[in-house]
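A.B. asks: Next up, data_2.cif (mmCIF, C-alpha atoms and all ligand atoms).
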data_protein
loop_
_atom_site.label_atom_id
_atom_site.label_comp_id
_atom_site.auth_asym_id
_atom_site.auth_seq_id
_atom_site.Cartn_x
_atom_site.Cartn_y
_atom_site.Cartn_z
CA MET A 28 -36.57 21.82 -18.35
CA ARG A 29 -35.15 19.11 -16.15
CA ARG A 30 -34.24 17.12 -19.25
CA PHE A 31 -32.48 20.12 -20.80
CA LEU A 32 -30.44 20.66 -17.62
CA THR A 33 -29.48 17.00 -17.48
CA VAL A 34 -28.22 17.00 -21.06
CA SER A 35 -26.28 20.18 -20.43
CA GLY A 36 -24.69 18.64 -17.36
CA VAL A 37 -23.48 15.65 -19.34
CA ALA A 38 -22.14 17.91 -22.08
CA LEU A 39 -20.23 20.02 -19.57
CA LEU A 40 -18.78 16.91 -17.95
CA ALA A 41 -17.65 15.63 -21.36
CA ILE A 42 -15.92 18.94 -22.08
CA ALA A 43 -14.21 18.81 -18.67
CA VAL A 44 -12.87 15.32 -19.38
CA LEU A 45 -11.60 16.47 -22.80
CA LEU A 46 -9.81 19.43 -21.23
CA ASN A 47 -8.35 17.63 -18.23
CA GLY A 48 -7.95 14.07 -19.46
CA PRO A 49 -8.33 11.06 -17.21
CA PRO A 50 -7.28 11.35 -13.54
CA ALA A 51 -3.50 11.59 -13.33
CA SER A 52 -3.49 9.28 -10.33
CA ALA A 53 -4.93 6.26 -12.11
CA GLY A 54 -2.34 3.52 -12.51
CA SER A 55 -1.33 -0.03 -11.84
CA VAL A 56 1.77 -2.12 -11.29
CA THR A 57 2.56 -5.81 -11.01
CA TRP A 58 5.63 -7.56 -9.68
CA ASP A 59 6.85 -11.10 -9.06
CA ASP A 60 8.35 -12.75 -6.00
CA PRO A 61 10.49 -15.91 -6.13
CA GLU A 62 8.76 -19.24 -5.58
CA GLY A 63 9.88 -21.44 -2.70
CA ASP A 64 11.35 -18.71 -0.46
CA ALA A 65 8.84 -18.68 2.44
CA ILE A 66 11.33 -20.12 4.90
CA GLU A 67 11.81 -17.54 7.67
CA PHE A 68 10.01 -19.32 10.48
CA LEU A 69 10.09 -18.32 14.10
CA GLY A 70 12.20 -20.57 16.29
CA GLU A 71 12.82 -23.24 13.70
CA ALA A 72 16.37 -23.90 12.63
CA PRO A 73 17.19 -24.60 8.99
CA PRO A 74 16.81 -26.59 6.84
CA ARG A 75 13.26 -25.33 6.55
CA PRO A 76 11.02 -26.18 3.61
CA SER A 77 9.11 -23.27 2.10
CA GLU A 78 5.54 -22.96 3.41
CA PRO A 79 3.11 -22.69 0.44
CA ALA A 80 0.55 -20.78 2.57
CA TYR A 81 3.10 -17.94 2.97
CA ASP A 82 4.80 -18.08 -0.41
CA VAL A 83 3.93 -14.93 -2.37
CA LEU A 84 4.30 -15.45 -6.14
CA ASN A 85 3.15 -12.13 -7.56
CA VAL A 86 1.33 -8.93 -6.66
CA ALA A 87 -0.93 -6.65 -8.69
CA MET A 88 -1.64 -3.20 -7.26
CA ALA A 89 -3.86 -0.53 -8.78
CA SER A 90 -5.39 2.82 -7.97
CA ASP A 91 -8.30 4.43 -9.79
CA GLY A 92 -7.88 7.60 -7.77
CA LYS A 93 -10.56 6.42 -5.34
CA ASP A 94 -9.63 2.92 -4.18
CA LEU A 95 -6.26 1.24 -3.77
CA THR A 96 -6.58 -2.46 -4.60
CA ILE A 97 -4.05 -5.24 -4.18
CA ALA A 98 -4.27 -8.85 -5.33
CA ALA A 99 -1.44 -11.08 -4.10
CA LYS A 100 -1.14 -14.57 -5.54
CA PHE A 101 0.18 -17.31 -3.23
CA LYS A 102 1.49 -20.81 -3.88
CA GLN A 103 -1.26 -22.52 -1.85
CA LEU A 104 -3.53 -20.80 0.65
CA GLY A 105 -5.79 -22.49 3.18
CA SER A 106 -3.63 -24.46 5.61
CA ILE A 107 -2.08 -23.40 8.93
CA PRO A 108 1.35 -24.92 9.67
CA PRO A 109 1.47 -26.99 12.90
CA GLN A 110 3.88 -24.71 14.78
CA ALA A 111 1.44 -21.73 14.71
CA THR A 112 -2.15 -21.03 15.73
CA GLY A 113 -2.80 -19.09 12.56
CA ASN A 114 -1.63 -17.19 9.51
CA THR A 115 -1.10 -13.47 9.14
CA TYR A 116 -1.19 -11.62 5.82
CA ARG A 117 -0.28 -7.97 5.66
CA PHE A 118 -0.22 -5.14 3.13
CA VAL A 119 2.22 -2.45 4.23
CA PHE A 120 3.20 0.97 2.89
CA VAL A 121 4.82 4.20 4.05
CA SER A 122 3.54 7.73 3.50
CA GLY A 123 4.44 10.91 5.33
CA ASP A 124 5.24 10.05 8.96
CA GLY A 125 3.16 6.87 8.88
CA THR A 126 3.68 3.19 8.22
CA PHE A 127 0.28 1.75 7.33
CA THR A 128 -0.60 -1.91 7.75
CA LEU A 129 -3.77 -3.75 6.80
CA SER A 130 -3.65 -7.25 8.28
CA VAL A 131 -5.81 -10.28 7.63
CA ILE A 132 -5.48 -12.96 10.26
CA GLN A 133 -6.71 -16.53 9.92
CA ASP A 134 -6.58 -18.04 13.40
CA THR A 135 -7.78 -21.33 14.88
CA ILE A 136 -8.63 -19.53 18.16
CA ALA A 137 -10.00 -16.13 17.10
CA GLY A 138 -11.28 -16.99 13.60
CA GLU A 139 -10.64 -14.72 10.62
CA PHE A 140 -10.41 -11.00 11.19
CA SER A 141 -8.78 -7.83 9.85
CA ALA A 142 -6.88 -5.09 11.62
CA PHE A 143 -5.47 -1.73 10.57
CA ALA A 144 -2.62 0.18 12.17
CA VAL A 145 -0.65 3.37 11.59
CA ARG A 146 2.82 3.52 13.10
CA ASP A 147 4.01 7.06 13.77
CA ALA A 148 7.68 7.50 12.80
CA VAL A 149 7.95 10.48 15.18
CA THR A 150 6.60 8.85 18.35
CA GLY A 151 7.21 5.20 17.46
CA VAL A 152 3.65 4.39 18.54
CA ASN A 153 1.72 1.82 16.52
CA ASN A 154 -1.86 3.09 16.54
CA ALA A 155 -4.67 0.58 16.02
CA VAL A 156 -7.38 2.54 14.20
CA ASP A 157 -10.38 1.75 12.05
CA CYS A 158 -9.95 1.99 8.29
CA ILE A 159 -13.58 2.28 7.29
CA LYS A 160 -14.50 0.11 4.28
CA CYS A 161 -10.95 -1.24 4.05
CA THR A 162 -11.21 -4.97 3.42
CA GLY A 163 -8.87 -7.92 3.25
CA LYS A 164 -10.06 -11.29 2.01
CA ILE A 165 -8.43 -14.68 1.78
CA ASN A 166 -9.60 -16.30 -1.44
CA VAL A 167 -8.54 -19.93 -1.06
CA GLU A 168 -9.99 -21.05 -4.38
CA SER A 169 -7.83 -18.66 -6.38
CA ASN A 170 -4.93 -18.63 -3.85
CA THR A 171 -5.21 -14.86 -3.73
CA LEU A 172 -5.17 -12.27 -0.96
CA GLU A 173 -7.41 -9.37 -1.91
CA PHE A 174 -7.04 -6.00 -0.21
CA THR A 175 -9.15 -2.91 -0.93
CA LEU A 176 -8.41 0.44 0.71
CA PRO A 177 -10.44 3.55 -0.14
CA ILE A 178 -7.93 6.43 -0.26
CA SER A 179 -10.24 8.66 1.79
CA SER A 180 -10.48 5.92 4.44
CA ILE A 181 -6.71 5.65 4.70
CA ASP A 182 -6.45 9.39 5.28
CA SER A 183 -9.27 9.33 7.82
CA ALA A 184 -7.42 6.60 9.76
CA ARG A 185 -4.23 8.67 9.55
CA ARG A 186 -5.99 11.69 11.03
CA THR A 187 -7.48 9.55 13.81
CA ALA A 188 -3.99 8.29 14.62
CA GLY A 189 -2.68 11.86 14.64
CA VAL A 190 0.05 11.10 12.09
CA ALA A 191 1.33 13.88 9.80
CA GLY A 192 1.14 13.70 6.00
CA LYS A 193 -2.17 14.02 4.18
CA ILE A 194 -2.99 11.14 1.84
CA GLU A 195 -5.04 11.87 -1.27
CA PRO A 196 -5.20 10.98 -4.97
CA GLY A 197 -1.78 11.83 -6.40
CA THR A 198 0.11 11.02 -3.18
CA ALA A 199 3.20 8.84 -3.79
CA ILE A 200 3.51 5.95 -1.37
CA GLU A 201 6.66 3.89 -0.76
CA GLY A 202 7.83 0.96 1.34
CA VAL A 203 5.09 -1.13 -0.28
CA SER A 204 5.13 -4.83 0.55
CA VAL A 205 2.93 -7.88 0.92
CA VAL A 206 4.02 -9.94 3.93
CA ALA A 207 2.96 -13.38 5.14
CA GLY A 208 3.87 -15.54 8.10
CA GLU A 209 2.81 -17.39 11.21
CA TYR A 210 0.38 -15.98 13.75
CA TYR A 211 0.69 -17.02 17.37
CA ASN A 212 -2.36 -16.34 19.52
CA PHE A 213 -1.41 -16.77 23.15
CA GLY A 214 -5.05 -17.01 24.11
CA TYR A 215 -5.48 -14.16 26.58
CA ARG A 216 -5.91 -10.42 26.71
CA VAL A 217 -4.08 -7.88 28.83
CA PRO A 218 -6.74 -6.51 31.25
CA GLY A 219 -7.72 -2.92 30.49
CA VAL A 220 -5.69 -2.67 27.30
CA THR A 221 -7.73 -1.74 24.26
CA ASP A 222 -5.47 0.56 22.29
CA THR A 223 -3.23 -2.05 20.69
CA LEU A 224 -3.73 -4.33 17.72
CA GLY A 225 -6.43 -6.85 18.59
CA GLY A 226 -7.56 -4.90 21.64
CA GLY A 227 -4.91 -6.21 23.99
CA LEU A 228 -4.92 -9.74 22.61
CA VAL A 229 -1.45 -11.10 23.24
CA SER A 230 -0.17 -12.38 19.93
CA LEU A 231 2.84 -12.48 17.68
CA SER A 232 3.09 -12.21 13.91
CA ASN A 233 6.12 -13.53 12.06
CA THR A 234 7.31 -12.86 8.50
CA ALA A 235 8.07 -16.00 6.48
CA ASP A 236 7.99 -14.29 3.07
CA SER A 237 7.73 -10.71 1.88
CA ALA A 238 7.22 -9.28 -1.59
CA PRO A 239 8.38 -5.65 -1.70
CA LEU A 240 7.57 -3.39 -4.64
CA PRO A 241 10.79 -3.33 -6.71
CA ALA A 242 12.83 -0.16 -7.35
CA PRO A 243 12.17 2.69 -7.71
CA GLY A 244 9.57 1.54 -5.19
CA THR A 245 7.08 4.38 -5.31
CA PHE A 246 3.46 4.24 -6.41
CA THR A 247 1.09 7.12 -7.04
CA LEU A 248 -2.38 6.81 -5.55
CA CA B 1 7.79 -16.04 -2.58
#
Hey, can you dump this file as C-alpha cells for me?
C.D. replies:
Amino acid sequence: MRRFLTVSGVALLAIAVLLNGPPASAGSVTWDDPEGDAIEFLGEAPPRPSEPAYDVLNVAMASDGKDLTIAAKFKQLGSIPPQATGNTYRFVFVSGDGTFTLSVIQDTIAGEFSAFAVRDAVTGVNNAVDCIKCTGKINVESNTLEFTLPISSIDSARRTAGVAGKIEPGTAIEGVSVVAGEYYNFGYRVPGVTDTLGGGLVSLSNTADSAPLPAPGTFTL
C-alpha cells in the first residue's frame, strides 16, 4: 500500500511538472567588468595603480527559485593593501523599499566575518539584521567571491528590518552590484551601540571598484 502511494505521488508530480513546466524564476546572468580599474582609494591622490584584490573581472549570478548565488571573479585576492586594515567585499541589490547588502570583511584586527544590512528608503535607516544561512566566502585559490542567499532568508531579514516589499521567487531585483574596497577598522566600539553594522564597531568601508549589472539591470529571483 505504501509502495502504491509512493508511485502515485511520483506520477502526480511528473504530471504537475509537465503541466506547469520548470519554475519561471529559474535563471542566470553573467557580466564583465574592465580589468585594471580598481583605483578609487580613500585619501590617496592619483596616479593610483589598480589594486588586484579589489579588481572585479566578471560576475555570474543565478537563481534556482530557492537560492540566489553569486560568483565574482577578481584579479588577485588574498592581500590587504598597506593603507587599510582590511578588505571589504559586498553584494548589493534593491527591492521594494530596501537596499540589501551582504558584506564579507577580511580584517587584520577582527578577522574574517560577514554582515547583512537592509537600508530602508523611507526612513533612511540602515538596519543590521541576520540573514540566516546567507554566506559569503573569499576563495583565494580561485580568486572568487562566493555569495549564497536563500530567497526566504532575504525576505525574513526584510521583515525583521520592517522594510516594505515582499521578496519571493519571481520578484525582480535591481541595483545589483558587486563592490570591493578598503576596510578601515578603527579598533574600538561605541559603548552601548549594538544596532549598527558590526555591533557598534567603528569602521569605514570604501569602494575601489564596482561591477553593476548592465542594462536593463533587473534580475528575476
Ligand atoms: Ca574591474
A.B. asks: Could you check which of A:Gln103, A:Thr57, A:Gln133, A:Ser141 is closest to ligand CA 1 (chain B), using all atoms listed in the file?
C.D. replies: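 The closest residue to ligand CA 1 (chain B) is A:Gln103.
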A.B. asks: What residues of the protein or nucleic acid chains come within 9 Å of ligand CA 1 (chain B) when you use all atoms listed in the file? Reply as a list of chain:residue names.
C.D. replies: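 Residues lying within 9 Å of ligand CA 1 (chain B): A:Asp59, A:Asp60, A:Pro61, A:Glu62, A:Gly63, A:Asp64, A:Ala65, A:Ser77, A:Pro79, A:Tyr81, A:Asp82, A:Val83, A:Leu84, A:Asn85, A:Phe101, A:Lys102, A:Asp236, A:Ser237, A:Ala238.
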A.B. asks: Can you measure CA of Phe127 (chain A) to CA of Phe143 (chain A) for me? One decimal in Å is fine.
C.D. replies: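 Between these atoms lies a distance of 7.5 Å.
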A.B. asks: Between A:Phe68, A:Tyr211, A:Phe140, A:Phe174, which has the minimum distance to Ala89 (chain A) (counting all atoms listed in the file)?
C.D. replies: A:Phe174
A.B. asks: Out of A:Ser179, A:Asn170, A:Ser130, A:Asn153, which residue has the shortest atom-to-atom distance to Ser106 (chain A) when counting all atoms listed in the file?
C.D. replies: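 Among the listed residues, A:Asn170 lies closest to Ser106 (chain A).
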A.B. asks: Using only C-alpha atoms, find all polymer residues with an atom at most 6 Å away from the point (0.6, -11.2, 7.5); report them as number ranges by chain.
C.D. replies: A: 115-117, 130, 206-208
A.B. asks: May I have the residues within 6 Å of region 190-201 of chain A as a list in words, using only C-alpha atoms and disregarding those fewer than 6 positions away in the same chain?
C.D. replies: Ser52, Gly92, Phe120, Val121, Ser122, Gly123, Asp124, Asp147, Asp182, Gly244, Thr245, Phe246, Thr247 and Leu248 of chain A
A.B. asks: Create the file for the chosen residues now, containing C-alpha atoms and written as a PDB file, keeping the file's coordinate frame.
C.D. replies:
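What landed in selection-v8.pdb:
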ATOM      1  CA  SER A  52      -3.490   9.280 -10.330  1.00  0.00           C
ATOM      2  CA  GLY A  92      -7.880   7.600  -7.770  1.00  0.00           C
ATOM      3  CA  PHE A 120       3.200   0.970   2.890  1.00  0.00           C
ATOM      4  CA  VAL A 121       4.820   4.200   4.050  1.00  0.00           C
ATOM      5  CA  SER A 122       3.540   7.730   3.500  1.00  0.00           C
ATOM      6  CA  GLY A 123       4.440  10.910   5.330  1.00  0.00           C
ATOM      7  CA  ASP A 124       5.240  10.050   8.960  1.00  0.00           C
ATOM      8  CA  ASP A 147       4.010   7.060  13.770  1.00  0.00           C
ATOM      9  CA  ASP A 182      -6.450   9.390   5.280  1.00  0.00           C
ATOM     10  CA  GLY A 244       9.570   1.540  -5.190  1.00  0.00           C
ATOM     11  CA  THR A 245       7.080   4.380  -5.310  1.00  0.00           C
ATOM     12  CA  PHE A 246       3.460   4.240  -6.410  1.00  0.00           C
ATOM     13  CA  THR A 247       1.090   7.120  -7.040  1.00  0.00           C
ATOM     14  CA  LEU A 248      -2.380   6.810  -5.550  1.00  0.00           C
TER      15      LEU A 248
END
A.B. asks: Hey, can you check how far CA of Lys164 (chain A) sits from CA of Val145 (chain A)?
C.D. replies: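 Pair CA of Lys164 (chain A) / CA of Val145 (chain A) returns 19.9 Å.
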A.B. asks: Skipping near chain neighbours, those fewer than 6 positions away, what residues fall within 6 Å of Val119 (chain A) using all atoms listed in the file, listed as a list in words?
C.D. replies: Phe127, Thr128, Val203 and Ser204 of chain A
A.B. asks: Quick one: everything within 9 Å of Ala144 (chain A), counting only C-alpha atoms, minus sequence neighbours fewer than 5 positions away in the same chain. Send it as a list in words.
C.D. replies: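 Within the cut-off, the hits are Thr126, Phe127, Thr128, Leu129, Ser130, Asn153, Asn154, Ala155, Val156, Asp157, Cys158, Ala184, Ala188, Thr223 and Leu224 of chain A.
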A.B. asks: Hey, can you check how far CA of Lys100 (chain A) sits from CA of Thr171 (chain A)?
C.D. replies: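 Answer for the CA of Lys100 (chain A) to CA of Thr171 (chain A) separation: 4.5 Å.
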A.B. asks: Give the answer as one residue: which of A:Asp94, A:Val205, A:Ile107, A:Val229 has the shortest atom-to-atom distance to Thr162 (chain A), using all atoms listed in the file?
C.D. replies: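 Ranking A:Asp94, A:Val205, A:Ile107, A:Val229 by distance to Thr162 (chain A), first place goes to A:Asp94.
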A.B. asks: With distances taken over all atoms listed in the file, which of A:Gly202, A:Phe118, A:Gly189, A:Val167 is nearest to Pro241 (chain A)?
C.D. replies: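 Distance minimum relative to Pro241 (chain A) lands on A:Gly202.
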A.B. asks: Region 189-199 of chain A, all listed atoms, 5 Å padding on each side: what axis-aligned box centre and edge lengths in Å to one decimal come out, as lines of an AutoDock Vina configuration file?
C.D. replies:
center_x = -1.0
center_y = 11.4
center_z = 4.1
size_x = 18.4
size_y = 15.2
size_z = 31.0
A.B. asks: Determine the nearest neighbour of Thr175 (chain A) from the options A:Gly70, A:Gly214, A:Gly163, A:Gly105, counting all atoms listed in the file.
C.D. replies: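 Using all atoms listed in the file, the shortest distance to Thr175 (chain A) belongs to A:Gly163.
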A.B. asks: Taking the partial coordinates given, rebuild region 187-220 of chain A to contain N, CA and C atoms; return it as a CSV table (one decimal), in the coordinates of the input.
C.D. replies:
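Generated file (out.csv):
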chain,number,residue,atom,x,y,z
A,187,THR,N,-7.1,10.1,12.5
A,187,THR,CA,-7.5,9.6,13.8
A,187,THR,C,-6.2,9.2,14.6
A,188,ALA,N,-5.2,8.7,13.9
A,188,ALA,CA,-4.0,8.3,14.6
A,188,ALA,C,-3.1,9.5,14.9
A,189,GLY,N,-3.4,10.7,14.4
A,189,GLY,CA,-2.7,11.9,14.6
A,189,GLY,C,-1.3,11.9,14.0
A,190,VAL,N,-1.2,11.2,12.8
A,190,VAL,CA,0.0,11.1,12.1
A,190,VAL,C,0.1,12.1,10.9
A,191,ALA,N,1.2,12.8,10.8
A,191,ALA,CA,1.3,13.9,9.8
A,191,ALA,C,1.5,13.3,8.4
A,192,GLY,N,1.0,14.1,7.4
A,192,GLY,CA,1.1,13.7,6.0
A,192,GLY,C,-0.1,13.3,5.3
A,193,LYS,N,-0.9,14.3,4.8
A,193,LYS,CA,-2.2,14.0,4.2
A,193,LYS,C,-2.0,13.0,3.0
A,194,ILE,N,-3.0,12.1,2.9
A,194,ILE,CA,-3.0,11.1,1.8
A,194,ILE,C,-4.2,11.4,1.0
A,195,GLU,N,-4.0,11.6,-0.3
A,195,GLU,CA,-5.0,11.9,-1.3
A,195,GLU,C,-4.6,11.4,-2.6
A,196,PRO,N,-5.6,11.4,-3.6
A,196,PRO,CA,-5.2,11.0,-5.0
A,196,PRO,C,-4.0,11.8,-5.4
A,197,GLY,N,-3.0,11.1,-6.0
A,197,GLY,CA,-1.8,11.8,-6.4
A,197,GLY,C,-0.6,11.7,-5.4
A,198,THR,N,-0.9,11.3,-4.2
A,198,THR,CA,0.1,11.0,-3.2
A,198,THR,C,1.0,9.8,-3.6
A,199,ALA,N,2.3,10.0,-3.5
A,199,ALA,CA,3.2,8.8,-3.8
A,199,ALA,C,3.5,8.1,-2.5
A,200,ILE,N,3.2,6.8,-2.5
A,200,ILE,CA,3.5,6.0,-1.4
A,200,ILE,C,4.8,5.1,-1.7
A,201,GLU,N,5.4,4.7,-0.6
A,201,GLU,CA,6.7,3.9,-0.8
A,201,GLU,C,6.7,2.8,0.3
A,202,GLY,N,7.8,2.0,0.3
A,202,GLY,CA,7.8,1.0,1.3
A,202,GLY,C,6.7,-0.1,1.2
A,203,VAL,N,6.2,-0.2,0.0
A,203,VAL,CA,5.1,-1.1,-0.3
A,203,VAL,C,5.5,-2.6,-0.2
A,204,SER,N,4.8,-3.4,0.5
A,204,SER,CA,5.1,-4.8,0.6
A,204,SER,C,3.9,-5.7,0.9
A,205,VAL,N,3.9,-6.9,0.4
A,205,VAL,CA,2.9,-7.9,0.9
A,205,VAL,C,3.7,-8.9,1.7
A,206,VAL,N,3.3,-9.1,3.0
A,206,VAL,CA,4.0,-9.9,3.9
A,206,VAL,C,3.1,-11.1,4.4
A,207,ALA,N,3.7,-12.2,4.6
A,207,ALA,CA,3.0,-13.4,5.1
A,207,ALA,C,3.8,-14.2,6.1
A,208,GLY,N,3.1,-14.7,7.1
A,208,GLY,CA,3.9,-15.5,8.1
A,208,GLY,C,3.0,-16.1,9.2
A,209,GLU,N,3.6,-16.8,10.2
A,209,GLU,CA,2.8,-17.4,11.2
A,209,GLU,C,2.2,-16.3,12.1
A,210,TYR,N,1.1,-16.8,12.7
A,210,TYR,CA,0.4,-16.0,13.8
A,210,TYR,C,0.3,-16.9,15.0
A,211,TYR,N,0.7,-16.3,16.1
A,211,TYR,CA,0.7,-17.0,17.4
A,211,TYR,C,-0.3,-16.3,18.3
A,212,ASN,N,-1.4,-16.9,18.6
A,212,ASN,CA,-2.4,-16.3,19.5
A,212,ASN,C,-2.1,-17.0,20.9
A,213,PHE,N,-1.7,-16.2,21.8
A,213,PHE,CA,-1.4,-16.8,23.2
A,213,PHE,C,-2.6,-16.9,24.0
A,214,GLY,N,-3.8,-16.6,23.5
A,214,GLY,CA,-5.0,-17.0,24.1
A,214,GLY,C,-5.5,-16.2,25.3
A,215,TYR,N,-5.0,-15.0,25.5
A,215,TYR,CA,-5.5,-14.2,26.6
A,215,TYR,C,-5.3,-12.7,26.2
A,216,ARG,N,-6.0,-11.9,26.9
A,216,ARG,CA,-5.9,-10.4,26.7
A,216,ARG,C,-5.3,-9.8,27.9
A,217,VAL,N,-4.6,-8.7,27.7
A,217,VAL,CA,-4.1,-7.9,28.8
A,217,VAL,C,-5.2,-7.1,29.4
A,218,PRO,N,-5.6,-7.2,30.7
A,218,PRO,CA,-6.7,-6.5,31.2
A,218,PRO,C,-6.6,-5.0,31.1
A,219,GLY,N,-7.7,-4.4,30.6
A,219,GLY,CA,-7.7,-2.9,30.5
A,219,GLY,C,-7.0,-2.3,29.3
A,220,VAL,N,-6.4,-3.2,28.5
A,220,VAL,CA,-5.7,-2.7,27.3
A,220,VAL,C,-6.6,-2.8,26.1
